[in-house]
Structures are given as structure tokens and as C-alpha cells.
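Undergrad: Got a file for you: structure09.csv, CSV, C-alpha atoms.
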```csv
chain,number,residue,atom,x,y,z
A,10,ARG,CA,-29.9,4.4,28.4
A,11,GLY,CA,-27.4,2.1,30.0
A,12,GLU,CA,-27.1,-1.4,28.8
A,13,ASP,CA,-28.3,-2.8,32.1
A,14,ASP,CA,-31.3,-0.4,32.5
A,15,VAL,CA,-34.7,-2.2,32.4
A,16,VAL,CA,-36.8,-1.0,29.5
A,17,PRO,CA,-40.1,-2.1,27.9
A,18,ALA,CA,-39.6,-5.3,25.9
A,19,ALA,CA,-41.7,-4.3,22.9
A,20,SER,CA,-41.1,-6.7,20.0
A,21,LEU,CA,-37.7,-7.6,21.4
A,22,ALA,CA,-39.7,-10.1,23.4
A,23,LYS,CA,-40.0,-12.1,20.1
A,24,LEU,CA,-36.4,-13.2,20.5
A,25,MET,CA,-37.4,-15.1,23.6
A,26,THR,CA,-40.5,-16.4,21.9
A,27,ALA,CA,-38.3,-17.7,19.1
A,28,ALA,CA,-35.8,-19.2,21.6
A,29,THR,CA,-38.6,-21.0,23.4
A,30,VAL,CA,-40.0,-22.4,20.2
A,31,PHE,CA,-36.6,-23.4,18.9
A,32,LYS,CA,-35.9,-25.3,22.1
A,33,ALA,CA,-39.1,-27.2,21.8
A,34,LEU,CA,-38.3,-28.1,18.2
A,35,SER,CA,-34.8,-29.3,19.1
A,36,ALA,CA,-36.3,-31.4,22.0
A,37,GLY,CA,-38.8,-33.0,19.6
A,38,ASP,CA,-41.8,-31.7,21.5
A,39,VAL,CA,-43.1,-30.1,18.3
A,40,THR,CA,-42.1,-30.3,14.6
A,41,LEU,CA,-42.1,-27.8,11.8
A,42,ASP,CA,-45.1,-29.5,10.4
A,43,THR,CA,-47.1,-29.4,13.7
A,44,THR,CA,-50.2,-27.2,13.2
A,45,TYR,CA,-52.0,-24.9,15.7
A,46,PRO,CA,-55.4,-23.3,15.5
A,47,VAL,CA,-55.9,-19.5,15.2
A,48,THR,CA,-58.1,-18.7,18.2
A,49,GLU,CA,-60.3,-15.7,18.7
A,50,HIS,CA,-57.8,-14.3,21.2
A,51,ALA,CA,-54.8,-14.7,18.8
A,52,TRP,CA,-56.8,-13.1,15.9
A,53,ARG,CA,-58.2,-10.1,17.9
A,54,THR,CA,-55.1,-9.4,19.9
A,55,GLY,CA,-52.4,-9.9,17.2
A,56,GLY,CA,-54.2,-10.5,14.0
A,57,ALA,CA,-55.9,-8.3,11.4
A,58,PRO,CA,-58.2,-6.5,13.8
A,59,SER,CA,-55.4,-5.5,16.1
A,60,GLY,CA,-53.7,-2.9,13.9
A,61,THR,CA,-50.3,-4.3,14.9
A,62,SER,CA,-47.6,-6.3,13.1
A,63,THR,CA,-49.4,-9.4,11.9
A,64,MET,CA,-49.2,-12.3,9.4
A,65,PHE,CA,-53.0,-12.0,8.8
A,66,ALA,CA,-53.7,-15.6,9.9
A,67,ALA,CA,-57.3,-16.3,9.3
A,68,LEU,CA,-59.6,-16.9,12.3
A,69,LYS,CA,-60.3,-20.6,13.0
A,70,SER,CA,-57.7,-21.8,10.4
A,71,ASN,CA,-54.7,-24.0,11.3
A,72,VAL,CA,-51.1,-22.9,10.6
A,73,ARG,CA,-47.9,-24.9,10.5
A,74,VAL,CA,-45.2,-24.2,13.1
A,75,GLU,CA,-42.7,-23.4,10.3
A,76,ASP,CA,-45.0,-20.8,8.8
A,77,LEU,CA,-45.6,-19.3,12.2
A,78,ILE,CA,-41.9,-19.0,12.7
A,79,ARG,CA,-41.7,-17.2,9.4
A,80,GLY,CA,-44.4,-14.9,10.6
A,81,ILE,CA,-42.3,-14.0,13.7
A,82,THR,CA,-38.9,-13.7,12.0
A,83,VAL,CA,-39.9,-11.9,8.8
A,84,GLN,CA,-43.1,-10.0,9.7
A,85,PHE,CA,-42.7,-9.7,13.5
A,86,ALA,CA,-46.2,-11.0,13.6
A,87,ASN,CA,-48.1,-10.8,16.9
A,88,ASP,CA,-50.7,-13.3,15.9
A,89,ALA,CA,-48.0,-15.9,15.1
A,90,CYS,CA,-46.5,-15.5,18.6
A,91,ILE,CA,-49.8,-16.0,20.3
A,92,ILE,CA,-50.8,-18.9,18.1
A,93,LEU,CA,-47.5,-20.7,19.0
A,94,GLY,CA,-47.8,-19.8,22.7
A,95,GLU,CA,-51.4,-21.1,22.9
A,96,GLY,CA,-50.7,-24.1,20.8
A,97,MET,CA,-47.6,-25.2,22.8
A,98,THR,CA,-48.8,-24.6,26.4
A,99,GLY,CA,-52.5,-24.1,26.3
A,100,SER,CA,-52.5,-20.4,26.9
A,101,GLU,CA,-50.5,-17.3,26.2
A,102,ALA,CA,-50.0,-16.7,29.9
A,103,ALA,CA,-48.5,-20.1,30.4
A,104,PHE,CA,-46.2,-19.6,27.5
A,105,ALA,CA,-45.0,-16.3,28.9
A,106,GLU,CA,-44.2,-18.1,32.2
A,107,ARG,CA,-42.1,-20.5,30.2
A,108,MET,CA,-40.4,-17.7,28.4
A,109,THR,CA,-39.4,-16.1,31.7
A,110,LYS,CA,-38.3,-19.5,33.1
A,111,GLU,CA,-36.1,-20.0,30.0
A,112,ALA,CA,-34.7,-16.5,30.4
A,113,ARG,CA,-33.6,-17.3,34.0
A,114,ALA,CA,-32.1,-20.6,32.8
A,115,LEU,CA,-30.0,-18.6,30.3
A,116,GLY,CA,-28.7,-16.3,33.1
A,117,LEU,CA,-31.0,-13.4,32.1
A,118,GLU,CA,-31.8,-12.0,35.6
A,119,LYS,CA,-33.9,-9.0,34.7
A,120,SER,CA,-35.8,-9.9,31.5
A,121,THR,CA,-39.4,-10.9,32.3
A,122,PHE,CA,-42.3,-11.6,30.0
A,123,ALA,CA,-46.1,-11.3,30.5
A,124,ASN,CA,-47.1,-12.3,26.9
A,125,ALA,CA,-45.6,-13.9,23.8
A,126,THR,CA,-45.6,-10.7,21.7
A,127,GLY,CA,-44.1,-7.9,23.8
A,128,LEU,CA,-47.3,-5.9,23.4
A,129,PRO,CA,-47.7,-3.3,26.2
A,130,ASN,CA,-47.7,-4.7,29.7
A,131,PRO,CA,-45.8,-3.4,32.6
A,132,ALA,CA,-44.3,-6.8,33.3
A,133,ASN,CA,-42.7,-7.0,29.9
A,134,LYS,CA,-39.2,-5.8,30.5
A,135,VAL,CA,-35.7,-6.4,29.2
A,136,THR,CA,-32.2,-5.0,29.3
A,137,MET,CA,-30.1,-4.4,26.2
A,138,ARG,CA,-27.2,-6.5,27.6
A,139,GLU,CA,-29.5,-9.4,28.2
A,140,MET,CA,-31.0,-9.1,24.7
A,141,VAL,CA,-27.5,-9.3,23.2
A,142,THR,CA,-26.8,-12.4,25.3
A,143,LEU,CA,-30.1,-13.9,24.1
A,144,ALA,CA,-29.3,-13.2,20.4
A,145,ARG,CA,-25.9,-14.9,20.8
A,146,HIS,CA,-27.6,-17.8,22.4
A,147,LEU,CA,-29.9,-18.1,19.4
A,148,GLU,CA,-27.0,-18.0,16.9
A,149,THR,CA,-24.9,-20.6,18.7
A,150,THR,CA,-27.6,-23.0,19.9
A,151,TYR,CA,-30.0,-22.9,16.9
A,152,PRO,CA,-27.9,-22.1,13.8
A,153,GLN,CA,-30.3,-24.3,11.7
A,154,TYR,CA,-33.1,-21.8,12.3
A,155,MET,CA,-31.2,-18.6,11.7
A,156,ARG,CA,-32.0,-18.7,8.0
A,157,TYR,CA,-35.6,-17.6,8.7
A,158,TYR,CA,-34.4,-14.2,9.8
A,159,LEU,CA,-32.8,-13.7,6.4
A,160,GLU,CA,-35.9,-14.3,4.3
A,161,PRO,CA,-36.6,-11.1,2.4
A,162,GLU,CA,-40.3,-11.6,2.3
A,163,PHE,CA,-43.1,-13.9,3.4
A,164,GLU,CA,-46.6,-14.3,2.1
A,165,TRP,CA,-49.6,-15.6,4.1
A,166,ASN,CA,-53.3,-15.4,3.4
A,167,LYS,CA,-52.4,-13.9,0.0
A,168,ILE,CA,-50.7,-10.9,1.7
A,169,LYS,CA,-47.0,-10.5,1.0
A,170,GLN,CA,-44.9,-8.5,3.4
A,171,ARG,CA,-41.2,-7.7,3.2
A,172,ASN,CA,-38.9,-8.4,6.1
A,173,ARG,CA,-39.5,-5.8,8.8
A,174,ASN,CA,-35.8,-5.6,9.7
A,175,PRO,CA,-34.8,-2.3,8.0
A,176,LEU,CA,-31.1,-3.2,8.1
A,177,LEU,CA,-31.4,-6.3,5.9
A,178,ALA,CA,-31.8,-4.4,2.6
A,179,LEU,CA,-28.7,-2.2,3.3
A,180,ASN,CA,-26.2,-5.0,2.4
A,181,LEU,CA,-24.3,-4.5,5.6
A,182,GLY,CA,-23.9,-8.3,6.3
A,183,VAL,CA,-26.9,-8.2,8.7
A,184,THR,CA,-28.0,-11.7,9.8
A,185,GLY,CA,-30.9,-10.8,12.1
A,186,PHE,CA,-32.9,-10.0,14.3
A,187,VAL,CA,-35.8,-7.7,15.4
A,188,THR,CA,-36.9,-4.1,16.0
A,189,GLY,CA,-39.3,-2.8,18.6
A,190,PHE,CA,-41.2,0.3,19.6
A,191,ALA,CA,-42.6,1.3,22.9
A,192,GLU,CA,-44.3,4.7,23.7
A,193,GLU,CA,-42.2,5.0,27.0
A,194,SER,CA,-38.8,4.3,25.5
A,195,GLY,CA,-39.0,4.7,21.7
A,196,TYR,CA,-37.4,2.6,19.1
A,197,SER,CA,-35.1,-0.4,19.8
A,198,ILE,CA,-33.3,-3.0,17.8
A,199,VAL,CA,-31.2,-6.1,18.3
A,200,ALA,CA,-29.0,-6.9,15.3
A,201,ALA,CA,-26.3,-9.2,14.2
A,202,VAL,CA,-23.7,-8.4,11.5
A,203,ASN,CA,-21.0,-10.3,9.7
A,204,ARG,CA,-18.6,-7.8,8.1
A,205,ASP,CA,-14.9,-7.6,7.3
A,206,GLY,CA,-14.2,-10.9,9.0
A,207,LYS,CA,-15.9,-9.8,12.2
A,208,HIS,CA,-19.1,-10.7,13.9
A,209,LEU,CA,-21.0,-8.1,16.0
A,210,VAL,CA,-24.2,-8.4,18.0
A,211,LEU,CA,-25.7,-5.1,19.2
```
Can you turn what I pasted into C-alpha cells?
TA:
Amino acid sequence: RGEDDVVPAASLAKLMTAATVFKALSAGDVTLDTTYPVTEHAWRTGGAPSGTSTMFAALKSNVRVEDLIRGITVQFANDACIILGEGMTGSEAAFAERMTKEARALGLEKSTFANATGLPNPANKVTMREMVTLARHLETTYPQYMRYYLEPEFEWNKIKQRNRNPLLALNLGVTGFVTGFAEESGYSIVAAVNRDGKHLVL
């Protein structure tokens, strides 16, 4: 596909979820120690019962923002995305609207988000060029949070999971970010690499 073709967002949407959370942290609207509850919606849609990528946050528990960020960046956890979205804006739908608004503010004209996870929804759409732009924005605007993408593993609720970015273990100099899969378009990845004195985002 061409770099400007619109494709299903899948888990690449989590880049915008992270950007929205990092912006709130930088503005002081939330802190790493802020806690949010695990709702029935978050648990069923993105948690253990969902059969999707999850950090296994326990229903009706409370989770710190920093741990939710680790859930997103290490485990690509759908429950972590929903918990943050609901906690920050009151509903996942409201958070998705904020994600899309933030995308437009960054000059992303086509990328649109219907939920915080990228789980199947016709309105979840991105282009590869815009995802590279977003990844570069994350690196340059929020360098203090990029370390989370490099954590080799994260344990929550007594369940340890290795980082789901398959490139990290290959010692290529990869510094992030995320992979995705959609039935319609197959596998996708946004990655950043530092190698031989060069920096590449693809």
C-alpha cells in the first residue's frame, strides 16, 4: 500500500493514545501516580475476557497511570488504553474524540479514532505517513517517556509478559514503538531505530 493510503488503525492507534496521555502528563492534568478504576467495560472489552492483548488488570481494582502506560507500551494492552481513556475523560468515546482532535492539531489530516485501542471499528483509520509523523512527535516532544517502550517485560496481576515489539530483542538499535494486526490489511508496525549514527522511523 502507499504511504498515504487509509488503512485500519489496529494497535497503531495506541501511538495516539500514548501521545494524548503524555500531553496530559506534561500539562499537569494527571500525574504518574494518579489512579483510575478498572470498569466493567474496560475489563470485558480489553481485559482477560476479551482474548486480546491485555495487562490483566483486575475488575474493580485501581491502577496507577504509570503502570497503565507500561501496559500500553510493553504489552500493547487494550484494557490499559480503555482505563486511561475512561479515567481521563469519563468515557472511551470522549477520549477517542480527544485523540482525533489531537491528531488534527498535529497536522494528521486523515487519521481518525473511534476508540482508545484500535480494536475493529470502521472509523479507526490511519496512514503510514501520518503514523511516522506521530512517532517522531512522540520522540521529540516527550523524550522523558520513551524509556517505557524499551522495557523488556512488565508484570501485572502476577502475570509477566515480554515486550510485544518483536524487533526489540534483535539488537538492531530499536527504540520503539508498536505492532498491529487487522483482518482487512494484515500486519503493520511503526518502529524507530538508532544505528550506525543514523536515526530512522518507519
Undergrad: Would you mind listing, for every residue of region 23-112 of chain A within 8 Å of region 185-193 of chain A, the two atoms forming the shortest contact and the distance between them in Å to one decimal, using only C-alpha atoms, sorted by chain and ascending residue number, as CSV?
TA:
```
residue,atom,partner,partner_atom,distance
A:Lys23,CA,A:Val187,CA,7.7
A:Leu24,CA,A:Val187,CA,7.5
A:Thr82,CA,A:Phe186,CA,7.4
A:Phe85,CA,A:Val187,CA,7.4
```
Undergrad: Keeping only C-alpha atoms, write the selected residues to a file as a PDB file, in the frame of the given file.
TA:
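Output below, filename selection04.pdb:
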```pdb
ATOM      1  CA  LYS A  23     -40.000 -12.100  20.100  1.00  0.00           C
ATOM      2  CA  LEU A  24     -36.400 -13.200  20.500  1.00  0.00           C
ATOM      3  CA  THR A  82     -38.900 -13.700  12.000  1.00  0.00           C
ATOM      4  CA  PHE A  85     -42.700  -9.700  13.500  1.00  0.00           C
TER       5      PHE A  85
END
```
Undergrad: CA of Pro129 (chain A) and CA of Pro161 (chain A), how far apart in Å?
TA: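 Straight-line distance from CA of Pro161 (chain A) to CA of Pro129 (chain A) works out to 27.4 Å.
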Undergrad: With all atoms listed in the file as the atoms that count, which of A:Asn203, A:Thr29, A:Thr142, A:Asn166 lies nearest to Gly94 (chain A)?
TA: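 Selected residue with least distance to Gly94 (chain A): A:Thr29.
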Undergrad: In Å, with one decimal, what is the gap from CA of Val74 (chain A) to CA of Arg171 (chain A)?
TA: 19.7 Å
Undergrad: Quick one, how far is CA of Thr126 (chain A) from CA of Gly182 (chain A)?
TA: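 CA of Gly182 (chain A) lies 26.7 Å from CA of Thr126 (chain A).
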Undergrad: Could you tell me which of A:Phe31, A:Asp42, A:Phe65, A:Asp13 comes closest to Lys167 (chain A) if we count all atoms listed in the file?
TA: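 Closest to Lys167 (chain A), using all atoms listed in the file: A:Phe65.
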Undergrad: Between A:Glu75, A:Leu211, A:Ala22, A:Val135, which one has atoms that come closest to Tyr45 (chain A), using all atoms listed in the file?
TA: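 The answer is A:Glu75, which sits nearest to Tyr45 (chain A).
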Undergrad: Hey, can you pull every residue with an atom no more than 10 Å from (-40.1, -25.0, 23.6), using only C-alpha atoms, and send it as a ChimeraX atom specification?
TA: /A:26-39,93-94,97-98,104,107-108,111
Undergrad: Using only C-alpha atoms for the distances, tell me which of A:Leu143, A:Arg53, A:Thr48, A:Glu160 is nearest to Ile78 (chain A).
TA: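 For Ile78 (chain A), the nearest of the candidates is A:Glu160.
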Undergrad: Using all atoms listed in the file, pick whichever of A:Thr150, A:Thr40, A:Ser20, A:Asn180 has the shortest atom-to-atom distance to Ala125 (chain A).
TA: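 So, comparing all the options, the nearest one is A:Ser20.
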Undergrad: Determine, counting all atoms listed in the file, which protein, DNA and RNA residues have an atom within 9 Å of an atom of Gly96 (chain A); residues of the same chain fewer than 5 positions away are not included. Present the result as a list in words.
TA: Thr44, Tyr45, Pro46, Val47, Ile91 and Glu101 of chain A
Undergrad: Given the selection you just returned, output its residues as a file containing C-alpha atoms, formatted as a PDB file, in the frame of the given file.
TA:
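Result went into selection.pdb, see below:
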```pdb
ATOM      1  CA  THR A  44     -50.200 -27.200  13.200  1.00  0.00           C
ATOM      2  CA  TYR A  45     -52.000 -24.900  15.700  1.00  0.00           C
ATOM      3  CA  PRO A  46     -55.400 -23.300  15.500  1.00  0.00           C
ATOM      4  CA  VAL A  47     -55.900 -19.500  15.200  1.00  0.00           C
ATOM      5  CA  ILE A  91     -49.800 -16.000  20.300  1.00  0.00           C
ATOM      6  CA  GLU A 101     -50.500 -17.300  26.200  1.00  0.00           C
TER       7      GLU A 101
END
```
Undergrad: Taking into account all atoms listed in the file, which residue in the set A:Met64, A:Met25, A:Val210, A:Ala89 is nearest to Ala105 (chain A)?
TA: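 Result for the nearest residue to Ala105 (chain A): A:Met25.
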Undergrad: Scan for residues within 10 Å of the point (-29.5, -5.1, 37.7) in the coordinates of the file, using only C-alpha atoms, and reply as a list in words.
TA: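 The distance filter leaves exactly Glu12, Asp13, Asp14, Val15, Glu118, Lys119 and Thr136 of chain A.
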